[in-house]
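K.L.:
I have a structure here, written as structure tokens, and I will follow up with some questions on it.
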Amino acid sequence: MPTSPDLPTLLLTGFGPFGGHHANPSQTVVRALHGSVIDGHRVSAVELPVVFGAALTVLRQALRRHRPALVVCIGQAGGRANISLERIAINVDDARIADNAAAQPVDVPVIRCGPAAYFTSLPIKAMLQAMRAADIPTEVSQSAGTFVCNHVFYGLMHALRRRKGVRGGFIHIPFSSEQAALHPGQPGLPVETMIQGIRIGLHTALQHTSDLAITGGAEH
Ligand code: PCA
């Protein structure tokens with residue numbers, strides 16, 4: 001698709017494989033959307049390493065280089081059945097498995113002396129409504145975990161705290177159908193469904209500068 005250098009940038013990030021997997025659907029989804037234009041914004045996709053610390057170094061470089069208007073980071077959440085719009089990032093790294101550089105931090109803050117948590121600045125309720133209206137299995141998630149995805153989400157919101165008008169957040173996506181087939185009993189979604197869902201979510205995020213008051217809550 002032709003792109004114009006004058007359009008504001010929508011920065012999308014994904015991750016490569018980790019934890020013994022051979023693929024990561026977040027990489028496939030962001031590559032598929034790279035270069036497309038959504039609501040007058042040009043999508044630039046960047047891949048982050050599944051490595052504590054290094055992931056944030058690459059993210060900060062991308063923020064400086066692209067000066068995006070909107071930033072959405074995407075990662076794989078194996079075991080989840082729905083696309084998860086993450087509500088909150090917490091200031092802790094607690095790795096159940098080693099990252100791709102063999103590091104496994106336990107109970108270490110993402111940012112020393114940072115606040116306990118940051119909320120997403122994406123209009124996740126509006127996104128939830130639009131994605132569900134298009135039959136994309138979607139939910140609001142109350143926890144992005146304590147591995148590299150939460151680390152990136154927290155680091156992103158910390159980096160954006162002084163960038164007025166630049167919004168950002170994190171979306172977890174399930175295994176692709178192909179991956180799920182390798183993990184009996186685990187849910188998955190076709191990559192095409194996830195690409196379409198993320199496109200709708202991004203479009204909605206750009207259209208809504210304030211969120212809707214509809215429930216996305218949970219009892220647990
Ligand atoms: N998912 C991991 C890190 C990279 C990814 O795609 C997570 O949920 O933390």
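Residues are referred to by chain and number: the chain letter is A, B, ... according to the order shown in the structure tokens, the number counts from 1 in that chain, and ligands are numbered separately from 1 in the order shown.
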Taking only C-alpha atoms and all ligand atoms into account, report as a list of chain:residue names which residues have an atom no farther than 7 Å from an atom of ligand 1.

P.N.:
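Every residue with an atom at most 7 Å from ligand 1 is listed here: A:Gly14, A:Phe15, A:Gly16, A:Phe18, A:Asn24, A:Ser26, A:Val50, A:Gly75, A:Gln76, A:Ala77, A:Ala144, A:Gly145, A:Thr146, A:Phe147, A:Val148, A:Cys149, A:Asn150, A:His172.
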
K.L.:
Once DSSP has gone over the backbone, tell me which residues of stretch 3-219 of chain A are in strand (DSSP E or B), as an MDAnalysis selection string.

P.N.:
chainID A and resid 9:15 37:38 41:48 70:76 83:86 88:90 93:94 106:108 117:119 138:141 167:173 175:176 188:189

K.L.:
Write out as number ranges by chain the residues lying within 10 Å of A:His41, counting only C-alpha atoms and excluding same-chain residues fewer than 4 positions away.

P.N.:
A: 3-4, 6-11, 35-37, 68-70, 202-203, 206

K.L.:
Need the shell around A:Leu160: protein/DNA/RNA residues with any atom at most 12 Å away, counting only C-alpha atoms. Skip same-chain ones fewer than 2 positions apart. Format as a PDB file with C-alpha atoms, in the first residue's frame?

P.N.:
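Output below, filename selection-v9.pdb:
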```
ATOM      1  CA  LEU A  59      11.190   0.623  22.373  1.00  0.00           C
ATOM      2  CA  ARG A  60      12.703   3.948  23.514  1.00  0.00           C
ATOM      3  CA  LEU A  63       9.804   6.311  20.200  1.00  0.00           C
ATOM      4  CA  ARG A  64      12.631   8.765  19.483  1.00  0.00           C
ATOM      5  CA  ARG A  67       7.754  10.240  17.174  1.00  0.00           C
ATOM      6  CA  PRO A  68       4.458   8.354  17.012  1.00  0.00           C
ATOM      7  CA  ALA A  69       1.014   9.747  17.741  1.00  0.00           C
ATOM      8  CA  LEU A  70      -0.164   6.401  19.115  1.00  0.00           C
ATOM      9  CA  VAL A  71       1.783   3.369  20.380  1.00  0.00           C
ATOM     10  CA  VAL A  72       0.341  -0.110  20.740  1.00  0.00           C
ATOM     11  CA  TYR A 118       0.057   2.880  35.140  1.00  0.00           C
ATOM     12  CA  PHE A 119      -3.304   2.582  33.438  1.00  0.00           C
ATOM     13  CA  THR A 120      -3.478   2.226  29.674  1.00  0.00           C
ATOM     14  CA  SER A 121      -4.325   5.435  27.831  1.00  0.00           C
ATOM     15  CA  PHE A 153       3.776  -2.031  28.881  1.00  0.00           C
ATOM     16  CA  TYR A 154       4.983  -0.388  32.108  1.00  0.00           C
ATOM     17  CA  GLY A 155       8.094   1.029  30.430  1.00  0.00           C
ATOM     18  CA  LEU A 156       5.964   2.402  27.597  1.00  0.00           C
ATOM     19  CA  MET A 157       3.517   4.164  29.911  1.00  0.00           C
ATOM     20  CA  HIS A 158       6.440   5.534  31.950  1.00  0.00           C
ATOM     21  CA  ARG A 162       5.439  13.416  29.855  1.00  0.00           C
ATOM     22  CA  ARG A 163       4.588  13.181  26.140  1.00  0.00           C
ATOM     23  CA  LYS A 164       1.380  15.148  26.034  1.00  0.00           C
ATOM     24  CA  GLY A 165      -1.187  13.787  23.632  1.00  0.00           C
ATOM     25  CA  VAL A 166       0.698  10.569  22.825  1.00  0.00           C
ATOM     26  CA  ARG A 167      -1.426   7.616  23.901  1.00  0.00           C
ATOM     27  CA  GLY A 168      -0.399   4.012  24.274  1.00  0.00           C
ATOM     28  CA  GLY A 169      -1.176   0.608  25.656  1.00  0.00           C
TER      29      GLY A 169
END
```

K.L.:
A:Gly20: which residues within 12 Å, counting only C-alpha atoms, same-chain residues fewer than 3 positions away excluded, as a PDB file with N, CA, C and O atoms, in the first residue's frame?

P.N.:
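Final output, saved to out-v2.pdb:
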```pdb
ATOM      1  N   GLY A  16       9.359 -11.607  18.885  1.00  0.00           N
ATOM      2  CA  GLY A  16       9.692 -12.882  18.261  1.00  0.00           C
ATOM      3  C   GLY A  16       9.350 -14.034  19.205  1.00  0.00           C
ATOM      4  O   GLY A  16       8.825 -13.826  20.308  1.00  0.00           O
ATOM      5  N   PRO A  17       9.668 -15.280  18.773  1.00  0.00           N
ATOM      6  CA  PRO A  17       9.363 -16.448  19.602  1.00  0.00           C
ATOM      7  C   PRO A  17      10.137 -16.441  20.922  1.00  0.00           C
ATOM      8  O   PRO A  17      11.217 -15.871  21.033  1.00  0.00           O
ATOM      9  N   ALA A  23       7.145 -19.784  16.932  1.00  0.00           N
ATOM     10  CA  ALA A  23       6.605 -18.573  16.304  1.00  0.00           C
ATOM     11  C   ALA A  23       5.955 -17.734  17.388  1.00  0.00           C
ATOM     12  O   ALA A  23       5.756 -18.198  18.519  1.00  0.00           O
ATOM     13  N   ASN A  24       5.674 -16.499  17.045  1.00  0.00           N
ATOM     14  CA  ASN A  24       4.929 -15.617  17.947  1.00  0.00           C
ATOM     15  C   ASN A  24       3.934 -14.865  17.075  1.00  0.00           C
ATOM     16  O   ASN A  24       4.344 -14.119  16.171  1.00  0.00           O
ATOM     17  N   ILE A  97       9.663 -18.033  33.688  1.00  0.00           N
ATOM     18  CA  ILE A  97      10.627 -18.696  32.805  1.00  0.00           C
ATOM     19  C   ILE A  97      11.714 -17.680  32.445  1.00  0.00           C
ATOM     20  O   ILE A  97      11.517 -16.463  32.623  1.00  0.00           O
ATOM     21  N   ALA A  98      12.820 -18.174  31.938  1.00  0.00           N
ATOM     22  CA  ALA A  98      13.901 -17.279  31.543  1.00  0.00           C
ATOM     23  C   ALA A  98      13.532 -16.528  30.271  1.00  0.00           C
ATOM     24  O   ALA A  98      12.792 -17.051  29.425  1.00  0.00           O
ATOM     25  N   ASP A  99      14.026 -15.298  30.122  1.00  0.00           N
ATOM     26  CA  ASP A  99      13.817 -14.564  28.869  1.00  0.00           C
ATOM     27  C   ASP A  99      14.814 -15.074  27.820  1.00  0.00           C
ATOM     28  O   ASP A  99      15.575 -16.022  28.070  1.00  0.00           O
ATOM     29  N   ASN A 100      14.838 -14.461  26.640  1.00  0.00           N
ATOM     30  CA  ASN A 100      15.680 -14.966  25.556  1.00  0.00           C
ATOM     31  C   ASN A 100      17.168 -14.671  25.752  1.00  0.00           C
ATOM     32  O   ASN A 100      17.990 -15.062  24.924  1.00  0.00           O
ATOM     33  N   GLN A 179      -0.377 -22.782  16.131  1.00  0.00           N
ATOM     34  CA  GLN A 179       0.302 -23.040  17.413  1.00  0.00           C
ATOM     35  C   GLN A 179      -0.584 -23.851  18.344  1.00  0.00           C
ATOM     36  O   GLN A 179      -0.114 -24.775  19.016  1.00  0.00           O
TER      37      GLN A 179
END
```

K.L.:
Using only C-alpha atoms, which residues sit within 10 Å of A:Gln129 once same-chain residues fewer than 4 positions away are excluded, as number ranges by chain?

P.N.:
A: 124-125, 133-136, 138-139, 201, 204, 212, 214-216

K.L.:
If you run DSSP on this backbone, which residues of stretch 4-182 of chain A come out as alpha helix (DSSP H), and could you give them as a PyMOL selection string?

P.N.:
chain A and resi 25-33+54-66+124-133+148-160+177-182

K.L.:
Kindly save the residues from that selection, with N, CA and C atoms included, as a compact mmCIF listing (two decimals), in the first residue's frame.

P.N.:
```txt
# COMPACT_ATOMS: atom_id res chain seq x y z
N PRO A 25 2.62 -15.04 17.31
CA PRO A 25 1.64 -14.40 16.41
C PRO A 25 1.72 -12.88 16.44
N SER A 26 2.29 -12.31 17.50
CA SER A 26 2.39 -10.84 17.54
C SER A 26 3.32 -10.34 16.44
N GLN A 27 4.35 -11.14 16.14
CA GLN A 27 5.28 -10.79 15.07
C GLN A 27 4.55 -10.81 13.72
N THR A 28 3.77 -11.85 13.51
CA THR A 28 3.03 -11.99 12.25
C THR A 28 2.03 -10.85 12.07
N VAL A 29 1.32 -10.52 13.15
CA VAL A 29 0.27 -9.50 13.07
C VAL A 29 0.88 -8.11 12.79
N VAL A 30 1.93 -7.76 13.51
CA VAL A 30 2.47 -6.40 13.29
C VAL A 30 3.15 -6.30 11.92
N ARG A 31 3.76 -7.40 11.48
CA ARG A 31 4.36 -7.37 10.12
C ARG A 31 3.29 -7.19 9.07
N ALA A 32 2.14 -7.83 9.27
CA ALA A 32 1.05 -7.74 8.29
C ALA A 32 0.50 -6.32 8.21
N LEU A 33 0.54 -5.60 9.32
CA LEU A 33 -0.04 -4.25 9.34
C LEU A 33 0.99 -3.17 8.99
N ALA A 54 16.51 -4.94 27.44
CA ALA A 54 16.79 -4.69 26.02
C ALA A 54 15.49 -4.34 25.26
N ALA A 55 14.40 -4.94 25.67
CA ALA A 55 13.12 -4.64 25.00
C ALA A 55 12.79 -3.16 25.15
N LEU A 56 13.06 -2.62 26.35
CA LEU A 56 12.75 -1.20 26.57
C LEU A 56 13.75 -0.29 25.87
N THR A 57 14.98 -0.74 25.72
CA THR A 57 15.96 0.06 24.98
C THR A 57 15.51 0.21 23.53
N VAL A 58 15.06 -0.89 22.93
CA VAL A 58 14.61 -0.84 21.53
C VAL A 58 13.32 -0.01 21.42
N LEU A 59 12.44 -0.16 22.39
CA LEU A 59 11.19 0.62 22.37
C LEU A 59 11.49 2.12 22.46
N ARG A 60 12.39 2.51 23.36
CA ARG A 60 12.70 3.95 23.51
C ARG A 60 13.35 4.50 22.25
N GLN A 61 14.20 3.69 21.61
CA GLN A 61 14.80 4.13 20.34
C GLN A 61 13.71 4.35 19.30
N ALA A 62 12.74 3.44 19.26
CA ALA A 62 11.65 3.56 18.29
C ALA A 62 10.80 4.80 18.57
N LEU A 63 10.59 5.11 19.84
CA LEU A 63 9.80 6.31 20.20
C LEU A 63 10.53 7.57 19.73
N ARG A 64 11.85 7.59 19.92
CA ARG A 64 12.63 8.77 19.48
C ARG A 64 12.64 8.87 17.96
N ARG A 65 12.79 7.76 17.30
CA ARG A 65 12.94 7.74 15.85
C ARG A 65 11.62 8.05 15.13
N HIS A 66 10.55 7.45 15.60
CA HIS A 66 9.27 7.56 14.88
C HIS A 66 8.38 8.69 15.38
N ILE A 124 -10.05 1.45 25.90
CA ILE A 124 -10.22 -0.01 25.76
C ILE A 124 -11.68 -0.45 25.73
N LYS A 125 -12.58 0.32 26.35
CA LYS A 125 -13.99 -0.06 26.32
C LYS A 125 -14.58 0.19 24.92
N ALA A 126 -14.20 1.30 24.34
CA ALA A 126 -14.66 1.58 22.97
C ALA A 126 -14.10 0.54 22.00
N MET A 127 -12.86 0.16 22.22
CA MET A 127 -12.23 -0.86 21.37
C MET A 127 -12.92 -2.21 21.56
N LEU A 128 -13.22 -2.54 22.82
CA LEU A 128 -13.92 -3.79 23.13
C LEU A 128 -15.24 -3.85 22.37
N GLN A 129 -15.99 -2.76 22.45
CA GLN A 129 -17.31 -2.73 21.82
C GLN A 129 -17.19 -2.91 20.29
N ALA A 130 -16.26 -2.19 19.69
CA ALA A 130 -16.13 -2.24 18.23
C ALA A 130 -15.63 -3.61 17.77
N MET A 131 -14.71 -4.18 18.51
CA MET A 131 -14.15 -5.48 18.10
C MET A 131 -15.18 -6.58 18.27
N ARG A 132 -15.94 -6.52 19.38
CA ARG A 132 -17.00 -7.52 19.57
C ARG A 132 -18.09 -7.37 18.52
N ALA A 133 -18.37 -6.15 18.15
CA ALA A 133 -19.41 -5.92 17.12
C ALA A 133 -19.01 -6.56 15.80
N VAL A 148 7.89 -10.24 30.22
CA VAL A 148 8.43 -9.14 29.39
C VAL A 148 7.31 -8.25 28.84
N CYS A 149 6.12 -8.79 28.64
CA CYS A 149 5.02 -7.95 28.10
C CYS A 149 4.63 -6.87 29.09
N ASN A 150 4.42 -7.25 30.37
CA ASN A 150 4.10 -6.24 31.38
C ASN A 150 5.25 -5.25 31.51
N HIS A 151 6.48 -5.75 31.44
CA HIS A 151 7.69 -4.91 31.52
C HIS A 151 7.67 -3.84 30.42
N VAL A 152 7.34 -4.25 29.21
CA VAL A 152 7.28 -3.31 28.08
C VAL A 152 6.11 -2.34 28.25
N PHE A 153 4.97 -2.87 28.68
CA PHE A 153 3.78 -2.03 28.88
C PHE A 153 4.08 -0.95 29.93
N TYR A 154 4.66 -1.36 31.06
CA TYR A 154 4.98 -0.39 32.11
C TYR A 154 6.01 0.63 31.59
N GLY A 155 7.05 0.13 30.95
CA GLY A 155 8.09 1.03 30.43
C GLY A 155 7.54 2.00 29.40
N LEU A 156 6.60 1.53 28.59
CA LEU A 156 5.96 2.40 27.60
C LEU A 156 5.19 3.52 28.30
N MET A 157 4.34 3.15 29.26
CA MET A 157 3.52 4.16 29.91
C MET A 157 4.40 5.15 30.70
N HIS A 158 5.51 4.64 31.25
CA HIS A 158 6.44 5.53 31.95
C HIS A 158 7.07 6.51 30.96
N ALA A 159 7.45 6.01 29.80
CA ALA A 159 8.07 6.87 28.78
C ALA A 159 7.07 7.89 28.24
N LEU A 160 5.80 7.53 28.20
CA LEU A 160 4.79 8.44 27.63
C LEU A 160 4.26 9.44 28.65
N SER A 177 -3.98 -20.38 15.41
CA SER A 177 -4.59 -21.72 15.30
C SER A 177 -3.53 -22.79 15.09
N GLU A 178 -2.49 -22.47 14.31
CA GLU A 178 -1.43 -23.45 14.04
C GLU A 178 -0.68 -23.80 15.32
N GLN A 179 -0.38 -22.78 16.13
CA GLN A 179 0.30 -23.04 17.41
C GLN A 179 -0.58 -23.85 18.34
N ALA A 180 -1.87 -23.48 18.39
CA ALA A 180 -2.80 -24.16 19.30
C ALA A 180 -2.89 -25.64 18.96
N ALA A 181 -2.78 -25.96 17.66
CA ALA A 181 -2.85 -27.36 17.24
C ALA A 181 -1.69 -28.17 17.84
N LEU A 182 -0.58 -27.47 18.15
CA LEU A 182 0.58 -28.15 18.74
C LEU A 182 0.44 -28.29 20.26
```

K.L.:
Hey, which of A:Gly19, A:Thr13, A:Glu86, A:Arg80 ends up closest to A:Leu48? Count only C-alpha atoms.

P.N.:
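Closest to A:Leu48, using only C-alpha atoms: A:Thr13.
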
K.L.:
May I ask which of the residues A:Gly53, A:Gly40, A:Pro115, A:Gly79 is the closest one to A:Arg161, counting only C-alpha atoms?

P.N.:
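Closest to A:Arg161, using only C-alpha atoms: A:Pro115.
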